[in-house]
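Asks: Let me begin by handing over the structure; questions about it come next.
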Amino acid sequence: MATTSGTGTEFSGDLSAGFNAEGEDLAPGTGPWALAWRRLRRNKVALFFGGVFVVIVVLCLLAPVYAHDVAHTTASAEDITGTVKVGGKNVDIVSLTGIPIGPTWHSRYFLGADSNGRDTAVRLLYGGRNSLQIGVMATLITMVLALILGVVAGYFRGLADGFITRGLDVIWAFPALLLGITLGTVIAVGGIGPLKGSSLIVPAVIIGFVYIPYVAKPLRGQVLQLREREFIDAARQQGLTHTRIMFSEILPNVASTIIVFIPLILANAILLEAGLSYLGVGVEPPNPSWGNMISDGLTTIPEAFHNVLVPGIMLVLAVMSVNIFGDGLRDALDPRAKVRITR
Amino acid sequence: MNRRSRQAAAALLTVIVAVALSACGSSSSSSSSSSASSASSSTSTPSSSTSAKSVTLLMGTAPQSLDPGMDYTTQGAEPNWVTYTGLTTYRHANGAAGTQLIPGLATALPVISDGGKTYTVTLRKGLVFSNGKPVLASDFAYTVERSIKIPWGGSGQFITPVIVGGTAFSTGKAKTISGITTDNATGKIVIHLTAPYGPFDNVLAFPALGIIPAGTPFHNLPNSPPPGVGPYMTTNIVPNASFSSVINPEWSKMDIPGIPAGHVDVNVKISSNVSSNALSVLNNTADFFDWADTIPGSLLPQIHSQAADRFSQVNLGGSTYYIFLNVTKKPFSSQLAREAVVTGLNQDAMNRLGAGTLAPACYFLPPAVPGHPTGACPYGTPGTGNLAKAKALVQQSGMAGQPVTVWSETRSPRQQWMTYYTSFLNSIGFKATQKVIADATYFTTIGDLKLHPQTGFADWNQDFPNPVDFYGVLLDGKAILPTDNENFGETNDPYINSQVTALGATPTTQLSTVVSKWQALDQYVAKKAYVAVFGYQTFPKFTSNRINYGAIVFHSVYGWDFTSFQTK
C-alpha cells in the first residue's frame, strides 16, 4: 500500500498488512489487537518507559497528599522571610540577597525552595499534575477535532475537503510555538470569547488547536484511500448513510493510527506547554508548571541550580518515556509504519 | 530615562543593527549623507579614540542611541550628559547637591518673566563644538526643532506642547518654532511657553536639548552622532557592542564653571551578561559595572567579601517602586481595602526578592526629589507588615472575597514581587490571580484605559528632580489618557489635581518656596493609600581596584559621572 508523505508526517495506511508484516506464526483466530499486545509485551524498553511514565503520573496525582501530609504546605504558600532547621541550625529559606535554600533532604523543602520561598518538591509534583492535565486535555482536543475534520474532509472531498484543508494549511503555516505564543498573549490580555482567566483550559485549548493539522491531515489522507476501497463501495450499495459508513467502516480502520498518534501528541503537548509556560504565556503564575518553574529558576543560577535542574529532569523523563512508549506502540500496531511529527 | 526607555532600547537595538547593516551594504548612501552631516564627522574619527589613560565600563544594555536627539534611556544619558551640555545642567556632585541646576552653556539660569511663560537666557561667548566650529544661539532653536522632528521620546511631553509653536512645527504647519527667538550677535535666546511650566529649567538640561550644529540631519544618527559641547565626545561606535567617550580637547579651553573636564577616556563595552560583567569588575579586568544594571544576588556575598572597599548599593533617591491600585474598580475603590494593602505588605520579603536592593519606603516621591516628606509613615514603619490588621481592614471594607487581577511583567524580580503580592492579597481575604505580560508590551497593555487594570506593578525613574515629573504624569487626573495612560490607578482626586496645577507652575529654581506644600500633598497621597509604595531602588556603585573610588561622583540623575573617573 502506498504511503502518504510530504507534510512532515509519514505513515502506512494499510494496517492489516502491517499486523502480519513480520510473518509471525499466528494462531488461528488471533486478532490484530491481540497480536499488537503480544508485540508490545516483547518490547521491554517500551514497557519500561511506559512504566516510568505511569510512575510519574501516579507521583503527580499524589501531589496533594505529599503537600499536606509530608511537606505541610501548598504549592503557592510562600515563606520568604522564614527559616527552616537544617543540621540543627536555622537557615533562611530565602537569603537576604534573594538566594533560596537548596535541597534539605528532609520533609520540608526536600528539594529546596524557589525564589519566593515555596517548596520546590511540592511545586514539582503540582507542576507535573498541571503539565500532564494540560497535555491530556490538549491531546483530547486535538484528537477529537482532528478526527472529525480529517474524516469529513477525506470522506466527502470536494468543497468540504477544500475548506477544511485550506483551514488546516493556515494553522500549519505557523510554527507551533509561534502560534501558541500569539494565541497565549491574546488570551492573556483580553481573552477570546469564553477563554479567559488563569484556568488550565486556556493553554490546553491553545495547544490542542495548534496540533490539529498534524493529526487531521494524515487522517484525511488515509480516509481518502479507504473511501475508494471495495468494502466502502459495498456499504454504500447496501444503502448505509454517510454517518453510518464513517462510524462503522472508516473509524475502525483508522483506530490504530489514532492510538499511535496519542502518545506522540501527548509528548509534544507537554513540551509545548513547557515552552509556552517558560515564555510566560502558558500556565499563569502562581500555578506551577515545569516550564514556568524552569523560567523562575533561571534567575537564581548558579547558587540555586536545583530550581532549573529538577523540573528539567522531570520534563525530559516524562517526554522521553511517552515518546519511547509511543514508538513501541507504533511498532506493535504497525511495524512498517513511520509516524513522526516534525516541525 | 523613565521605565519605558530601557524596554524601548531593547527593541530599538534591532533597528539600530538593521540600520548599521544597511549602511554597510550601501556605501553610496553613507557617503551621500556625509555632506549633510559634515559637522558630525569629527566625532567618529577612530584615531581620536584612545589615550594613554582610559578605563572600561561594562553596560548590560546598550543605549537606545548615542544621538541625543533620539536617546531617552539611562544608558544613553550617561555619555550624552557629558557630551551634550544644555543651556542649564546639574552640579557634578553626589547626593542632593547633584540635583541643583546650574547654568550650562548659558551665562546664568534663565530669567523667567510673563508669569512663568517666558524664559530668557544668553549664550556664553567663545563656545565651540567638539569639531572646533563656533556655537550660535540659532543652533539652540535648531536643536529643539530636531528633537521634535526625530522625535525624541520626551518631546511629546516636555517640548512640543510646552513651547509656543511646537505643535505647529511638529505637524508641519510651520517651518520654525515661533516661540523661540534667537540673536546670534548677542547670544540671546527667548523661549515662550504656552502656559507656565515649572520644570522647564530642567527640560533645558536634558541631553536631548544639548546644543548641536544647525544643519544636522533631522533623523537619528546612532553611528555618527553630531558634535556637541561638553567635556567628552563619542567615538569608535560599534553598534550594540562598544563605543568610547573620549576627552574633548576643546572643552578645557572654554573654562565653564561647575562642569569639570574629564581625566580619562571611557571605553564602554556592551555585554548583556551582567554576571560576567560583575565578575570582570570584581577580578579587575574591567573598571566599572554599569549603575543601571543589577548585580545578581548570587554574586553579592562574594563581592561583599572581596571588594567591600569598592562596592556599595546607593539609594540615588530618584526612583520609586509601587503597586498601583485602581480607585475606580472594586475592591480598591474602597480606601479601607487600599489601606489593608499598604498596612500588610511585607517590604522585608520584597527586598529579599529584589536581592536586597530596595530601600524601605512609604512615600511616593523618592528622597532626592524635592517634596519628599520626612515624617513618619501613616500606616506604620515599612518592614514586615501587619498582616492581622490588614485582614481586619479587608473585613471592615466589605471587600473580602473580591476577585483581583494582579498585573505583572515577566522580568525578575518584578514577576516575583507580584507573585508575592498575589499570595499576600489572598492571605488577607481577596481572591487574587496573577496576569503576567511580556516586558515589551506590559506598560502599553495596562496603559490601555479600556482594560481598567485593578492592580499591579509600576515604577518611575525621575526624568528630572521635580515632583511634577511624578505627580503630573502618574497621579494627576488630567493625565488619564485612553492609551499610553500612566495613571494606572485612574486617580482623579480634585485636591491632587488642583495642587499639581498650582505647584507645578513654580519654577524649579524656586521649588524651595513650595517644598512644604509638595510634602503635604505627598503625605495626603500616602494617607489616602492611592498607591502602595514598596521601595526605592538602590543602585550598585562598583569599580575595579585601580579606580579612585572616593573621588567618583555617583549622580542622582545620571548615575556615573564620567568627569569624576580617575585612576589611582
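Just so we're on the same page: first chain in the C-alpha cells is A, next is B, and so on; residues restart at 1 for each chain, and ligands are numbered from 1 in the order they show up.
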Could you give me, as a Markdown table, every range 58-126 of chain A residue with an atom at most 9 Å from range 280-299 of chain A, plus its closest atom pair and distance in Å to one decimal, counting only C-alpha atoms, rows ordered by chain then number?
Replies:
```
| residue | atom | partner | partner_atom | distance |
| --- | --- | --- | --- | --- |
| A:Ala75 | CA | A:Pro288 | CA | 7.4 |
| A:Ser76 | CA | A:Pro286 | CA | 6.2 |
| A:Asp114 | CA | A:Gly297 | CA | 7.0 |
| A:Ser115 | CA | A:Gly297 | CA | 7.5 |
| A:Thr120 | CA | A:Met293 | CA | 8.7 |
| A:Arg123 | CA | A:Pro288 | CA | 5.9 |
| A:Leu124 | CA | A:Trp290 | CA | 6.8 |
| A:Leu125 | CA | A:Ser289 | CA | 8.9 |
| A:Tyr126 | CA | A:Pro288 | CA | 6.4 |
```
Asks: What are the residues of chain B that have an atom within 6 Å of an atom of chain A, counting only C-alpha atoms, as a PDB file with C-alpha atoms, in the first residue's frame?
Replies:
```pdb
ATOM      1  CA  GLY B 297      22.148  38.208  44.159  1.00  0.00           C
ATOM      2  CA  SER B 298      24.251  35.085  43.845  1.00  0.00           C
ATOM      3  CA  ALA B 349      10.144  39.978  51.892  1.00  0.00           C
ATOM      4  CA  ARG B 352      14.799  39.803  49.617  1.00  0.00           C
ATOM      5  CA  LEU B 353      13.116  39.078  46.298  1.00  0.00           C
ATOM      6  CA  ALA B 355      18.309  40.707  46.157  1.00  0.00           C
ATOM      7  CA  GLY B 356      18.415  43.282  48.942  1.00  0.00           C
TER       8      GLY B 356
END
```
Asks: I'd like the contact shell of Met137 in chain A - 9 Å cut-off, only C-alpha atoms, skipping same-chain residues fewer than 4 positions apart - returned as a CSV table (one decimal) with N, CA and C atoms, in the first residue's frame.
Replies:
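The result, written out as part10.csv:
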```csv
chain,number,residue,atom,x,y,z
A,132,LEU,N,0.7,17.6,33.0
A,132,LEU,CA,0.1,16.4,32.4
A,132,LEU,C,-1.4,16.6,32.1
A,133,GLN,N,-2.1,17.3,33.0
A,133,GLN,CA,-3.5,17.7,32.8
A,133,GLN,C,-3.7,18.4,31.5
A,141,ILE,N,-8.4,17.2,22.8
A,141,ILE,CA,-9.0,18.3,21.9
A,141,ILE,C,-8.4,18.0,20.5
A,142,THR,N,-7.1,17.8,20.4
A,142,THR,CA,-6.5,17.6,19.1
A,142,THR,C,-7.1,16.4,18.4
A,201,ILE,N,-7.5,25.3,31.3
A,201,ILE,CA,-8.2,25.1,30.0
A,201,ILE,C,-7.6,25.9,28.9
A,204,ALA,N,-4.5,24.5,27.4
A,204,ALA,CA,-4.9,23.2,26.8
A,204,ALA,C,-5.6,23.5,25.5
A,205,VAL,N,-6.5,24.4,25.4
A,205,VAL,CA,-7.2,24.7,24.1
A,205,VAL,C,-6.2,25.2,23.1
A,208,GLY,N,-4.1,22.3,22.0
A,208,GLY,CA,-4.9,21.4,21.3
A,208,GLY,C,-5.2,21.9,19.9
```
Asks: Between CA of Val268 in chain B and CA of Glu78 in chain B, what is the distance, to one decimal in Å?
Replies: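 If I compute the distance from CA of Val268 in chain B to CA of Glu78 in chain B, I get 10.7 Å.
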Asks: Got a sec: who's within 9 Å of Val342 in chain B, counting only C-alpha atoms, leaving out chain neighbours fewer than 6 positions off, as a PyMOL selection string?
Replies: chain B and resi 362+379+385+390+526+529+531-534
Asks: Which one is closest to Ser275 in chain B: B:Leu393, B:Gly60, B:Ile547, B:Met254? Count only C-alpha atoms.
Replies: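 Nearest candidate to Ser275 in chain B out of B:Leu393, B:Gly60, B:Ile547, B:Met254: B:Gly60.
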Asks: Rounded to one decimal place, report the CA of Val55 in chain B-CA of Ala278 in chain B distance in Å.
Replies: 15.3 Å
Asks: Write out as a ChimeraX atom specification each polymer residue whose atoms come within 9 Å of Arg338 in chain B, counting only C-alpha atoms; drop sequence neighbours fewer than 3 positions from it.
Replies: /B:325,327,331-335,341-343,393-394,528-532
Asks: Hey, what does DSSP flag as helix (DSSP H, G or I) within range 193-301 of chain A? Can you give it to me as a PyMOL selection string?
Replies: chain A and resi 201-210+212-226+230-237+242-278+290-300
Asks: How far is it from CA of Ile212 in chain B to CA of Thr88 in chain B, in Å with one decimal?
Replies: 14.6 Å
Asks: Which residues are near Trp33 in chain A? Cut-off 10 Å, only C-alpha atoms, ignore same chain within fewer than 2 positions. Put them as a VMD selection string.
Replies: chain A and resid 19 30 to 31 35 to 39 256 332 to 333
